[in-house]
$ cat my_file34.csv   # CSV, C-alpha atoms and all ligand atoms
chain,number,residue,atom,x,y,z
A,1,MET,CA,-141.7,71.8,103.6
A,2,PRO,CA,-140.2,73.4,100.5
A,3,ALA,CA,-137.7,76.2,101.1
A,4,SER,CA,-139.6,78.5,98.8
A,5,PRO,CA,-143.1,79.6,99.9
A,6,ILE,CA,-144.1,79.8,96.2
A,7,PRO,CA,-144.7,76.5,94.5
A,8,ILE,CA,-142.1,75.8,91.9
A,9,ASN,CA,-143.7,72.8,90.2
A,10,LEU,CA,-147.0,71.1,90.0
A,11,ALA,CA,-146.2,68.6,92.8
A,12,ASP,CA,-145.7,71.6,95.2
A,13,TYR,CA,-149.2,72.8,94.2
A,14,GLU,CA,-150.6,69.3,94.8
A,15,ARG,CA,-149.0,69.1,98.3
A,16,ALA,CA,-150.2,72.5,99.4
A,17,ALA,CA,-153.7,72.6,97.8
A,18,GLY,CA,-155.1,69.9,100.0
A,19,ALA,CA,-155.1,72.3,103.0
A,20,CYS,CA,-157.1,74.9,101.1
A,21,VAL,CA,-160.1,72.7,100.3
A,22,GLU,CA,-162.6,70.9,102.5
A,23,PRO,CA,-161.5,67.3,103.0
A,24,ALA,CA,-164.4,65.7,101.2
A,25,ALA,CA,-164.1,68.1,98.3
A,26,TRP,CA,-160.3,67.3,98.1
A,27,GLY,CA,-161.2,63.6,98.1
A,28,TYR,CA,-163.5,64.3,95.2
A,29,GLN,CA,-160.7,66.0,93.2
A,30,CYS,CA,-158.1,63.4,93.9
A,31,ALA,CA,-160.4,60.4,93.4
A,32,GLY,CA,-160.1,57.7,90.9
A,33,ALA,CA,-162.5,54.8,90.4
A,34,ASN,CA,-162.2,51.8,92.7
A,35,ASP,CA,-158.5,51.0,93.5
A,36,GLU,CA,-157.3,54.1,91.6
A,37,LEU,CA,-154.9,52.0,89.6
A,38,THR,CA,-155.4,54.0,86.4
A,39,VAL,CA,-154.8,57.3,88.2
A,40,ARG,CA,-151.3,56.0,89.1
A,41,ALA,CA,-150.8,54.3,85.7
A,42,ASN,CA,-151.4,57.5,83.9
A,43,LEU,CA,-148.7,59.3,85.8
A,44,GLU,CA,-146.2,56.4,85.7
A,45,ALA,CA,-146.6,55.8,81.9
A,46,TRP,CA,-145.4,59.3,81.1
A,47,GLN,CA,-142.6,59.0,83.6
A,48,ARG,CA,-141.4,55.8,82.1
A,49,ILE,CA,-140.9,57.1,78.6
A,50,GLU,CA,-137.3,58.1,77.9
A,51,LEU,CA,-136.2,60.9,75.8
A,52,ARG,CA,-133.6,60.7,73.0
A,53,TYR,CA,-132.8,64.3,72.9
A,54,ARG,CA,-131.2,66.1,70.0
A,55,THR,CA,-128.0,68.2,70.3
A,56,MET,CA,-126.1,70.7,68.2
A,57,VAL,CA,-129.2,72.6,67.2
A,58,ASP,CA,-129.2,76.4,67.6
A,59,VAL,CA,-132.1,76.7,70.1
A,60,SER,CA,-131.6,80.4,70.9
A,61,LEU,CA,-135.0,81.3,69.5
A,62,ARG,CA,-138.0,79.1,70.5
A,63,SER,CA,-141.7,79.2,70.6
A,64,THR,CA,-144.3,76.9,72.4
A,65,ALA,CA,-147.1,78.4,70.4
A,66,THR,CA,-149.5,76.3,68.3
A,67,THR,CA,-153.2,76.1,67.2
A,68,VAL,CA,-156.1,73.8,68.1
A,69,LEU,CA,-158.9,73.7,65.6
A,70,GLY,CA,-157.4,76.8,64.0
A,71,THR,CA,-157.4,78.8,67.3
A,72,PRO,CA,-153.9,80.1,68.3
A,73,ILE,CA,-152.7,79.3,71.8
A,74,THR,CA,-149.5,80.2,73.5
A,75,SER,CA,-148.6,76.6,74.5
A,76,PRO,CA,-150.2,73.2,73.7
A,77,VAL,CA,-151.8,72.9,77.1
A,78,LEU,CA,-155.5,73.3,77.5
A,79,ILE,CA,-157.6,73.3,80.7
A,80,ALA,CA,-159.6,70.0,80.8
A,81,PRO,CA,-163.3,70.2,81.8
A,82,THR,CA,-163.6,69.6,85.6
A,83,ALA,CA,-166.9,69.8,87.4
A,84,LEU,CA,-167.8,71.8,90.6
A,85,GLN,CA,-164.9,74.4,90.6
A,86,ARG,CA,-166.5,76.5,93.3
A,87,LEU,CA,-165.4,73.7,95.7
A,88,CYS,CA,-161.8,75.1,95.2
A,89,HIS,CA,-162.5,78.8,95.2
A,90,PRO,CA,-165.6,81.1,95.5
A,91,GLU,CA,-165.1,82.5,92.0
A,92,GLY,CA,-164.9,78.9,90.6
A,93,GLU,CA,-165.3,78.6,86.8
A,94,VAL,CA,-165.1,82.4,86.3
A,95,ALA,CA,-161.6,82.5,87.9
A,96,MET,CA,-160.6,79.5,85.8
A,97,ALA,CA,-161.7,81.2,82.6
A,98,ARG,CA,-159.7,84.3,83.6
A,99,ALA,CA,-156.7,82.1,84.2
A,100,ALA,CA,-157.0,80.6,80.7
A,101,GLU,CA,-157.2,84.1,79.2
A,102,LEU,CA,-154.2,85.3,81.1
A,103,ALA,CA,-152.2,82.2,80.1
A,104,GLY,CA,-153.3,82.5,76.5
A,105,THR,CA,-155.0,79.1,76.3
A,106,ILE,CA,-158.5,77.5,76.1
A,107,MET,CA,-160.7,76.4,79.0
A,108,VAL,CA,-163.2,73.6,78.4
A,109,VAL,CA,-166.1,74.4,80.6
A,110,SER,CA,-167.9,71.4,82.2
A,111,THR,CA,-171.6,70.8,81.9
A,112,THR,CA,-171.5,70.2,85.7
A,113,ALA,CA,-170.1,73.7,86.5
A,114,THR,CA,-171.1,75.5,89.6
A,115,ILE,CA,-171.5,78.8,87.7
A,116,GLY,CA,-173.8,79.1,84.6
A,117,LEU,CA,-172.2,78.8,81.2
A,118,GLU,CA,-173.4,82.2,80.2
A,119,GLU,CA,-171.8,83.9,83.2
A,120,VAL,CA,-168.5,82.0,82.5
A,121,ALA,CA,-168.6,83.0,78.9
A,122,ALA,CA,-169.3,86.7,79.7
A,123,SER,CA,-166.3,86.8,82.1
A,124,THR,CA,-163.7,86.4,79.4
A,125,ASN,CA,-162.9,87.4,75.8
A,126,ALA,CA,-160.8,84.3,75.2
A,127,PRO,CA,-162.2,81.5,73.1
A,128,LYS,CA,-163.7,78.7,75.1
A,129,TRP,CA,-165.1,75.3,74.5
A,130,PHE,CA,-168.1,73.6,76.2
A,131,GLN,CA,-168.1,70.0,77.4
A,132,VAL,CA,-171.3,68.1,76.9
A,133,TYR,CA,-172.7,65.1,78.7
A,134,ILE,CA,-175.6,63.4,77.0
A,135,TYR,CA,-178.5,63.2,79.4
A,136,GLN,CA,-181.6,61.0,79.1
A,137,GLY,CA,-184.4,62.7,77.3
A,138,ARG,CA,-182.4,64.7,74.7
A,139,GLU,CA,-184.4,67.9,75.3
A,140,TYR,CA,-182.2,69.1,78.2
A,141,THR,CA,-178.9,68.4,76.2
A,142,ARG,CA,-180.4,70.1,73.1
A,143,GLU,CA,-181.2,73.2,75.2
A,144,LEU,CA,-177.8,73.2,76.8
A,145,VAL,CA,-176.1,73.1,73.5
A,146,GLN,CA,-178.2,75.9,72.1
A,147,ARG,CA,-177.4,78.0,75.1
A,148,ALA,CA,-173.6,77.3,74.6
A,149,VAL,CA,-173.9,78.3,70.9
A,150,ARG,CA,-175.7,81.6,71.9
A,151,ALA,CA,-173.1,82.3,74.6
A,152,GLY,CA,-170.3,82.1,72.0
A,153,TYR,CA,-168.5,78.8,72.8
A,154,THR,CA,-166.5,77.8,69.7
A,155,ALA,CA,-166.4,74.0,70.0
A,156,LEU,CA,-168.2,71.2,71.8
A,157,VAL,CA,-166.4,68.5,73.7
A,158,LEU,CA,-168.5,65.4,73.9
A,159,THR,CA,-167.5,63.1,76.8
A,160,VAL,CA,-168.1,59.4,75.8
A,161,ASP,CA,-166.4,57.6,78.6
A,162,ALA,CA,-169.2,58.2,81.2
A,163,PRO,CA,-172.4,56.4,80.0
A,164,VAL,CA,-172.7,55.9,83.8
A,165,LEU,CA,-170.6,57.3,86.6
A,166,GLY,CA,-167.5,55.4,87.8
A,167,ARG,CA,-167.5,54.2,91.4
A,168,ARG,CA,-165.3,56.6,93.3
A,169,GLU,CA,-165.0,54.9,96.6
A,170,ARG,CA,-163.4,57.9,98.4
A,171,ASP,CA,-166.6,59.9,97.7
A,172,ILE,CA,-168.7,57.1,99.2
A,173,ARG,CA,-166.5,56.9,102.3
A,174,ASN,CA,-166.5,60.7,102.7
A,175,GLY,CA,-170.3,61.0,102.1
A,176,PHE,CA,-169.4,63.6,99.5
A,177,THR,CA,-172.0,66.1,98.3
A,178,LEU,CA,-172.2,69.8,97.6
A,179,PRO,CA,-172.2,72.2,100.5
A,180,PRO,CA,-175.3,74.3,101.0
A,181,GLY,CA,-175.5,77.2,98.5
A,182,MET,CA,-173.6,75.4,95.8
A,183,HIS,CA,-175.4,73.7,92.9
A,184,VAL,CA,-175.0,72.4,89.3
A,185,ALA,CA,-175.8,75.8,87.8
A,186,ASN,CA,-176.5,74.8,84.2
A,187,ALA,CA,-179.4,72.6,85.4
A,188,THR,CA,-181.2,75.2,87.4
A,189,ASN,CA,-183.9,75.8,84.7
A,190,VAL,CA,-184.8,72.1,84.7
A,191,GLY,CA,-184.8,71.6,88.4
A,192,MET,CA,-181.8,69.1,88.3
A,193,ASP,CA,-179.3,71.5,89.9
A,194,VAL,CA,-179.5,70.2,93.4
A,195,VAL,CA,-177.1,67.5,94.4
A,196,PRO,CA,-178.8,65.2,97.0
A,197,THR,CA,-177.2,64.1,100.2
A,198,ALA,CA,-175.0,61.1,100.3
A,199,THR,CA,-176.2,57.7,101.4
A,200,ALA,CA,-174.2,54.8,102.9
A,201,ASP,CA,-173.4,53.4,99.5
A,202,ALA,CA,-173.6,56.4,97.1
A,203,SER,CA,-172.1,59.9,97.1
A,204,GLY,CA,-174.4,62.8,96.4
A,205,LEU,CA,-172.9,63.1,93.0
A,206,MET,CA,-173.5,59.5,92.2
A,207,ARG,CA,-177.2,60.0,93.1
A,208,HIS,CA,-177.3,63.1,91.1
A,209,PHE,CA,-176.0,61.4,88.0
A,210,ARG,CA,-178.0,58.2,88.4
A,211,GLY,CA,-180.8,58.3,86.0
A,212,LEU,CA,-179.4,61.4,84.4
A,213,HIS,CA,-176.7,60.2,82.0
A,214,ASP,CA,-177.9,58.4,78.9
A,215,PRO,CA,-176.2,55.0,78.7
A,216,GLY,CA,-177.6,54.8,75.2
A,217,LEU,CA,-175.0,57.3,73.8
A,218,THR,CA,-173.6,56.2,70.4
A,219,ALA,CA,-171.5,57.7,67.6
A,220,GLN,CA,-174.7,59.0,66.1
A,221,ASP,CA,-174.7,61.6,68.8
A,222,ILE,CA,-171.6,63.2,67.4
A,223,THR,CA,-173.5,63.8,64.1
A,224,TRP,CA,-176.5,65.0,66.1
A,225,LEU,CA,-174.4,67.6,68.1
A,226,ARG,CA,-172.7,68.8,65.0
A,227,GLU,CA,-175.9,69.4,63.1
A,228,LEU,CA,-177.6,70.9,66.1
A,229,SER,CA,-174.8,73.3,66.9
A,230,GLY,CA,-172.8,74.0,63.7
A,231,LEU,CA,-169.7,73.8,65.9
A,232,PRO,CA,-166.8,71.4,65.7
A,233,VAL,CA,-167.2,68.4,67.9
A,234,VAL,CA,-164.3,67.1,69.9
A,235,VAL,CA,-164.8,63.5,71.3
A,236,LYS,CA,-163.3,63.0,74.7
A,237,GLY,CA,-162.6,59.6,76.3
A,238,ILE,CA,-161.1,57.5,73.5
A,239,VAL,CA,-158.4,54.9,74.0
A,240,ARG,CA,-158.9,52.7,70.9
A,241,ALA,CA,-158.1,53.1,67.3
A,242,ASP,CA,-161.4,51.7,66.1
A,243,ASP,CA,-163.4,54.1,68.4
A,244,ALA,CA,-161.3,57.0,67.1
A,245,ARG,CA,-162.0,56.1,63.5
A,246,ARG,CA,-165.8,55.7,64.2
A,247,ALA,CA,-165.8,59.2,65.9
A,248,VAL,CA,-164.1,60.8,62.9
A,249,GLU,CA,-166.4,59.0,60.5
A,250,HIS,CA,-169.4,60.5,62.4
A,251,GLY,CA,-168.0,64.0,62.1
A,252,ALA,CA,-165.6,64.5,65.0
A,253,ALA,CA,-163.1,67.3,64.3
A,254,ALA,CA,-160.7,66.0,67.0
A,255,VAL,CA,-160.5,63.3,69.6
A,256,ILE,CA,-159.1,63.4,73.1
A,257,VAL,CA,-157.3,60.2,74.2
A,258,SER,CA,-158.5,60.2,77.8
A,259,ASN,CA,-159.7,57.8,80.5
A,260,HIS,CA,-161.3,60.6,82.6
A,261,GLY,CA,-158.2,60.9,84.8
A,262,GLY,CA,-158.8,57.3,86.0
A,263,ARG,CA,-162.2,58.2,87.4
A,264,GLN,CA,-164.3,55.9,85.3
A,265,LEU,CA,-163.1,52.3,84.4
A,266,ASP,CA,-160.3,51.3,86.8
A,267,THR,CA,-157.4,49.4,85.2
A,268,ALA,CA,-158.1,51.2,81.9
A,269,ILE,CA,-155.0,51.6,79.8
A,270,ALA,CA,-152.8,54.6,80.6
A,271,THR,CA,-153.3,57.3,78.1
A,272,ALA,CA,-149.6,57.6,77.2
A,273,ARG,CA,-149.8,54.0,76.0
A,274,ALA,CA,-153.1,54.4,74.1
A,275,LEU,CA,-152.0,57.6,72.3
A,276,ALA,CA,-149.8,56.3,69.4
A,277,GLY,CA,-152.5,53.8,68.1
A,278,VAL,CA,-155.1,56.5,68.0
A,279,VAL,CA,-152.8,58.9,66.2
A,280,GLU,CA,-152.0,56.3,63.7
A,281,ALA,CA,-155.7,55.7,63.1
A,282,VAL,CA,-157.0,59.2,62.6
A,283,SER,CA,-154.4,61.9,62.5
A,284,ASP,CA,-155.0,62.4,58.8
A,285,GLY,CA,-158.6,63.4,59.4
A,286,ALA,CA,-158.7,64.9,62.9
A,287,GLU,CA,-156.6,66.5,65.5
A,288,VAL,CA,-155.6,64.3,68.5
A,289,TYR,CA,-155.2,65.6,72.0
A,290,VAL,CA,-154.4,63.6,75.2
A,291,ASP,CA,-155.0,64.0,78.9
A,292,GLY,CA,-154.3,62.1,82.2
A,293,GLY,CA,-151.3,62.4,84.4
A,294,ILE,CA,-149.6,65.3,82.6
A,295,ARG,CA,-147.6,67.0,85.4
A,296,ARG,CA,-144.3,68.1,83.7
A,297,GLY,CA,-143.2,69.9,80.6
A,298,THR,CA,-141.4,66.7,79.6
A,299,ASP,CA,-144.8,64.9,79.7
A,300,VAL,CA,-146.1,67.5,77.2
A,301,LEU,CA,-143.1,67.1,75.0
A,302,LYS,CA,-143.5,63.3,75.1
A,303,ALA,CA,-147.2,63.6,74.2
A,304,LEU,CA,-146.4,65.8,71.2
A,305,ALA,CA,-143.7,63.5,70.1
A,306,LEU,CA,-146.2,60.6,70.2
A,307,GLY,CA,-148.4,62.6,67.8
A,308,ALA,CA,-150.7,64.6,70.0
A,309,ARG,CA,-151.3,68.2,68.9
A,310,ALA,CA,-152.0,69.3,72.4
A,311,VAL,CA,-152.6,68.0,76.0
A,312,LEU,CA,-155.2,68.9,78.6
A,313,VAL,CA,-154.7,69.1,82.4
A,314,GLY,CA,-157.5,68.4,84.8
A,315,ARG,CA,-156.4,68.3,88.5
A,316,PRO,CA,-153.4,70.7,88.3
A,317,PRO,CA,-155.3,73.9,87.5
A,318,LEU,CA,-157.7,73.0,90.3
A,319,TRP,CA,-154.8,73.0,92.7
A,320,GLY,CA,-153.7,76.4,91.4
A,321,LEU,CA,-157.3,77.7,91.7
A,322,ALA,CA,-157.6,76.4,95.3
A,323,MET,CA,-154.4,78.1,96.3
A,324,GLY,CA,-154.6,81.4,94.5
A,325,GLY,CA,-157.8,81.8,92.4
A,326,ALA,CA,-157.2,82.9,88.8
A,327,ASP,CA,-153.6,83.8,89.5
A,328,GLY,CA,-152.9,80.4,91.0
A,329,ALA,CA,-154.4,78.5,88.0
A,330,ARG,CA,-152.5,80.8,85.6
A,331,HIS,CA,-149.3,80.1,87.5
A,332,VAL,CA,-149.8,76.4,87.1
A,333,LEU,CA,-150.3,76.8,83.4
A,334,GLU,CA,-147.2,79.0,83.1
A,335,LEU,CA,-145.0,76.5,85.0
A,336,LEU,CA,-146.0,73.8,82.5
A,337,ARG,CA,-145.4,76.2,79.6
A,338,ASP,CA,-141.9,77.2,81.0
A,339,GLU,CA,-141.0,73.5,81.6
A,340,LEU,CA,-142.0,72.7,78.1
A,341,ASP,CA,-139.9,75.5,76.8
A,342,LEU,CA,-136.9,74.2,78.7
A,343,ALA,CA,-137.5,70.6,77.6
A,344,MET,CA,-137.7,71.8,74.0
A,345,ALA,CA,-134.4,73.7,74.4
A,346,LEU,CA,-132.7,70.6,75.9
A,347,SER,CA,-134.1,68.4,73.1
A,348,GLY,CA,-133.1,70.5,70.2
A,349,CYS,CA,-136.6,71.7,69.3
A,350,ARG,CA,-137.3,75.3,68.4
A,351,THR,CA,-141.0,74.9,67.6
A,352,VAL,CA,-143.6,72.4,68.5
A,353,ALA,CA,-143.5,71.1,64.9
A,354,GLU,CA,-139.9,70.0,65.6
A,355,ILE,CA,-141.1,67.7,68.4
A,356,THR,CA,-141.0,64.5,66.3
A,357,PRO,CA,-141.5,60.8,67.2
A,358,ASP,CA,-137.8,60.0,67.1
A,359,LEU,CA,-137.4,61.9,70.4
A,360,VAL,CA,-139.1,59.2,72.4
A,361,ALA,CA,-138.4,55.5,73.0
A,362,PRO,CA,-141.8,53.7,73.0
A,363,PRO,CA,-143.5,53.4,76.4
A,364,SER,CA,-143.0,49.9,78.0
B,401,LIG,C1,-162.4,66.9,89.9
B,401,LIG,C2,-162.6,66.4,88.5
B,401,LIG,C3,-163.8,66.7,87.8
B,401,LIG,C4,-163.9,66.3,86.5
B,401,LIG,N1,-165.1,66.6,85.8
B,401,LIG,C5,-165.2,66.3,84.5
B,401,LIG,C6,-166.4,66.7,83.8
B,401,LIG,O1,-167.2,67.4,84.3
B,401,LIG,N2,-166.4,66.4,82.5
B,401,LIG,C7,-165.4,65.6,81.8
B,401,LIG,O2,-165.6,65.3,80.6
B,401,LIG,N3,-164.3,65.3,82.5
B,401,LIG,C8,-164.2,65.6,83.8
B,401,LIG,N4,-163.1,65.2,84.5
B,401,LIG,C9,-161.9,64.6,83.8
B,401,LIG,C10,-161.0,65.6,83.2
B,401,LIG,O3,-161.6,66.3,82.1
B,401,LIG,C11,-159.7,65.0,82.6
B,401,LIG,O4,-160.0,64.0,81.7
B,401,LIG,C12,-158.8,64.4,83.7
B,401,LIG,O5,-158.8,65.2,84.9
B,401,LIG,C13,-157.3,64.4,83.2
B,401,LIG,O6,-156.5,63.8,84.1
B,401,LIG,P1,-155.6,64.7,85.1
B,401,LIG,O7,-156.4,65.2,86.2
B,401,LIG,O8,-154.6,63.7,85.6
B,401,LIG,O9,-154.9,65.8,84.3
B,401,LIG,C14,-162.9,65.6,85.8
B,401,LIG,C15,-161.7,65.3,86.5
B,401,LIG,C16,-161.5,65.8,87.8
B,401,LIG,C17,-160.2,65.5,88.5

$ encode --input "my_file34.csv" --output "structure tokens"
Amino acid sequence: MPASPIPINLADYERAAGACVEPAAWGYQCAGANDELTVRANLEAWQRIELRYRTMVDVSLRSTATTVLGTPITSPVLIAPTALQRLCHPEGEVAMARAAELAGTIMVVSTTATIGLEEVAASTNAPKWFQVYIYQGREYTRELVQRAVRAGYTALVLTVDAPVLGRRERDIRNGFTLPPGMHVANATNVGMDVVPTATADASGLMRHFRGLHDPGLTAQDITWLRELSGLPVVVKGIVRADDARRAVEHGAAAVIVSNHGGRQLDTAIATARALAGVVEAVSDGAEVYVDGGIRRGTDVLKALALGARAVLVGRPPLWGLAMGGADGARHVLELLRDELDLAMALSGCRTVAEITPDLVAPPS
């Protein structure tokens, strides 16, 4: 047990959050695909990078502030889209949106939210982005995007690493499904909001997604979404330079180097190792962000040194939400921001622009 009752880092939150969530829901949040090797690889790849810190720089005045797609944020850490947030807290996505506003950052709201996108948007004045899954029969996706535009979302995040759902074996073992009274709120109007019960070989969520996601998704869909919405499109789930280039050629304003937190293709390359190649391929034409296994301010510093403009965190804000609603999630984001500030001071960086590639030795 830690001496302090208040978590002082993200690992404390992870340890304590499990007791605040139903076991099968906790399994869903932790889960990776199959042997969960990529979940671990993401974490370890950041840890393995060593810092060549700078000294003899006056770091008395520092700022972690930056912008993403022109929007100012207090630190380069965004909230990644994560589904089903009411599993953590009754106020779910609304509390998470409040946390983003309090912390001065952007929340990416998932298609698979448990509170409707309009209600989440109305709960905060902060800018927010909407994550899009392309479903079969484009009519539902078209309608969803038009609703997001009307509700005031300022960018779309198209997830491209889930043409089908990865096999999360914990969820199968736990017979994971949504508890009574909880549903996929954005799909209510088309009758696809109910998550079925689990079977011996498929979780409720796997059954929900089966036959819903469009495995025919291509780069043309980036252009389609851009024209349909008039919003910048951020493409999430890229680990290759050629895919990043293709995304930008089709109109992406930014790409997220991501393997879905290890939840899709197990043994996929760790994002820390994929980042530099993507940056080299597209950073002239698009912003590059990264997620997967970011748990320390030093991880954020390393990501920026490798060329990311910002990072996203998926599981950590869920731990905060589970433990303390909006305030818990805000605290998680503030811990990361404060750790980044400290890492910057100790590396001779006064601004995020001073976090340059020479600060890191390449990941092995
Ligand atoms: C519980 C959970 C639900 C997720 N739901 C979505 C989702 O709805 N859409 C999406 O694009 N990514 C989803 N992701 C992936 C995250 O956006 C992000 O890529 C990943 O969590 C980053 O890794 P991290 O959790 O190690 O920070 C989810 C991840 C988790 C853990």

$ residues_near_ligand --input "my_file34.csv" --ligand "ligand LIG 401 (chain B)" --cutoff "7 Å" --atoms "all atoms listed in the file" --output "PyMOL selection string"
chain A and resi 28-30+39+80-83+110-112+131+159+236+258-261+291-294+312-316

$ atom_distance --input "my_file34.csv" --atom1 "atom CA of A:Val360" --atom2 "atom CA of A:Gln264"
28.5 Å

$ closest_residue --input "my_file34.csv" --among "A:Trp319, A:Lys302, A:Ala310, A:Gly348" --to "A:Gln47" --atoms "all atoms listed in the file"
A:Lys302

$ closest_residue --input "my_file34.csv" --among "A:Gly328, A:Gly285, A:Gly230, A:Pro215" --to "A:Val255" --atoms "all atoms listed in the file"
A:Gly285

$ residues_near_point --input "my_file34.csv" --point "(-157.1, 49.5, 82.5)" --cutoff "10 Å" --atoms "all atoms listed in the file" --output "list in words"
Leu37, Thr38, Val39, Ala41, Asn42, Asn259, Gly262, Leu265, Asp266, Thr267, Ala268, Ile269, Ala270 and Thr271 of chain A

$ atom_distance --input "my_file34.csv" --atom1 "atom CA of A:Ile115" --atom2 "atom CA of A:Ala185"
5.2 Å

$ closest_residue --input "my_file34.csv" --among "A:Gly116, A:Glu14, A:Gly297, A:Thr124" --to "A:Leu342" --atoms "only C-alpha atoms"
A:Gly297

$ closest_residue --input "my_file34.csv" --among "A:Leu61, A:Leu212, A:Val21, A:Leu158" --to "A:His89" --atoms "all atoms listed in the file"
A:Val21

$ residues_around --input "my_file34.csv" --residues "A:Leu228" --least-positions-apart "2" --cutoff "10 Å" --atoms "only C-alpha atoms" --output "PyMOL selection string"
chain A and resi 142+145-146+149+222-226+230-231

$ closest_residue --input "my_file34.csv" --among "A:Val300, A:Val59, A:Val235, A:Leu102" --to "A:Phe130" --atoms "only C-alpha atoms"
A:Val235

$ residues_around --input "my_file34.csv" --residues "A:Ala241" --least-positions-apart "6" --cutoff "12 Å" --atoms "all atoms listed in the file" --output "list in words"
Ala247, Val248, Val255, Ile256, Val257, Ala274, Leu275, Ala276, Gly277, Val278, Val279, Glu280, Ala281, Val282, Ser283 and Val288 of chain A

$ closest_residue --input "my_file34.csv" --among "A:Glu354, A:Asp221, A:Glu169, A:Asp284" --to "A:Thr66" --atoms "all atoms listed in the file"
A:Glu354

$ residues_around --input "my_file34.csv" --residues "A:Ala33" --least-positions-apart "3" --cutoff "6 Å" --atoms "only C-alpha atoms" --output "count of residues only"
7

$ residues_near_point --input "my_file34.csv" --point "(-146.7, 68.2, 77.3)" --cutoff "12 Å" --atoms "all atoms listed in the file" --output "PyMOL selection string"
chain A and resi 46-47+64+75-78+272+289-313+333+335-344+352+355

$ write_last_selection --input "my_file34.csv" --atoms "C-alpha atoms" --output "PDB file, in the coordinates of the input"
ATOM      1  CA  TRP A  46    -145.400  59.300  81.100  1.00  0.00           C
ATOM      2  CA  GLN A  47    -142.600  59.000  83.600  1.00  0.00           C
ATOM      3  CA  THR A  64    -144.300  76.900  72.400  1.00  0.00           C
ATOM      4  CA  SER A  75    -148.600  76.600  74.500  1.00  0.00           C
ATOM      5  CA  PRO A  76    -150.200  73.200  73.700  1.00  0.00           C
ATOM      6  CA  VAL A  77    -151.800  72.900  77.100  1.00  0.00           C
ATOM      7  CA  LEU A  78    -155.500  73.300  77.500  1.00  0.00           C
ATOM      8  CA  ALA A 272    -149.600  57.600  77.200  1.00  0.00           C
ATOM      9  CA  TYR A 289    -155.200  65.600  72.000  1.00  0.00           C
ATOM     10  CA  VAL A 290    -154.400  63.600  75.200  1.00  0.00           C
ATOM     11  CA  ASP A 291    -155.000  64.000  78.900  1.00  0.00           C
ATOM     12  CA  GLY A 292    -154.300  62.100  82.200  1.00  0.00           C
ATOM     13  CA  GLY A 293    -151.300  62.400  84.400  1.00  0.00           C
ATOM     14  CA  ILE A 294    -149.600  65.300  82.600  1.00  0.00           C
ATOM     15  CA  ARG A 295    -147.600  67.000  85.400  1.00  0.00           C
ATOM     16  CA  ARG A 296    -144.300  68.100  83.700  1.00  0.00           C
ATOM     17  CA  GLY A 297    -143.200  69.900  80.600  1.00  0.00           C
ATOM     18  CA  THR A 298    -141.400  66.700  79.600  1.00  0.00           C
ATOM     19  CA  ASP A 299    -144.800  64.900  79.700  1.00  0.00           C
ATOM     20  CA  VAL A 300    -146.100  67.500  77.200  1.00  0.00           C
ATOM     21  CA  LEU A 301    -143.100  67.100  75.000  1.00  0.00           C
ATOM     22  CA  LYS A 302    -143.500  63.300  75.100  1.00  0.00           C
ATOM     23  CA  ALA A 303    -147.200  63.600  74.200  1.00  0.00           C
ATOM     24  CA  LEU A 304    -146.400  65.800  71.200  1.00  0.00           C
ATOM     25  CA  ALA A 305    -143.700  63.500  70.100  1.00  0.00           C
ATOM     26  CA  LEU A 306    -146.200  60.600  70.200  1.00  0.00           C
ATOM     27  CA  GLY A 307    -148.400  62.600  67.800  1.00  0.00           C
ATOM     28  CA  ALA A 308    -150.700  64.600  70.000  1.00  0.00           C
ATOM     29  CA  ARG A 309    -151.300  68.200  68.900  1.00  0.00           C
ATOM     30  CA  ALA A 310    -152.000  69.300  72.400  1.00  0.00           C
ATOM     31  CA  VAL A 311    -152.600  68.000  76.000  1.00  0.00           C
ATOM     32  CA  LEU A 312    -155.200  68.900  78.600  1.00  0.00           C
ATOM     33  CA  VAL A 313    -154.700  69.100  82.400  1.00  0.00           C
ATOM     34  CA  LEU A 333    -150.300  76.800  83.400  1.00  0.00           C
ATOM     35  CA  LEU A 335    -145.000  76.500  85.000  1.00  0.00           C
ATOM     36  CA  LEU A 336    -146.000  73.800  82.500  1.00  0.00           C
ATOM     37  CA  ARG A 337    -145.400  76.200  79.600  1.00  0.00           C
ATOM     38  CA  ASP A 338    -141.900  77.200  81.000  1.00  0.00           C
ATOM     39  CA  GLU A 339    -141.000  73.500  81.600  1.00  0.00           C
ATOM     40  CA  LEU A 340    -142.000  72.700  78.100  1.00  0.00           C
ATOM     41  CA  ASP A 341    -139.900  75.500  76.800  1.00  0.00           C
ATOM     42  CA  LEU A 342    -136.900  74.200  78.700  1.00  0.00           C
ATOM     43  CA  ALA A 343    -137.500  70.600  77.600  1.00  0.00           C
ATOM     44  CA  MET A 344    -137.700  71.800  74.000  1.00  0.00           C
ATOM     45  CA  VAL A 352    -143.600  72.400  68.500  1.00  0.00           C
ATOM     46  CA  ILE A 355    -141.100  67.700  68.400  1.00  0.00           C
TER      47      ILE A 355
END
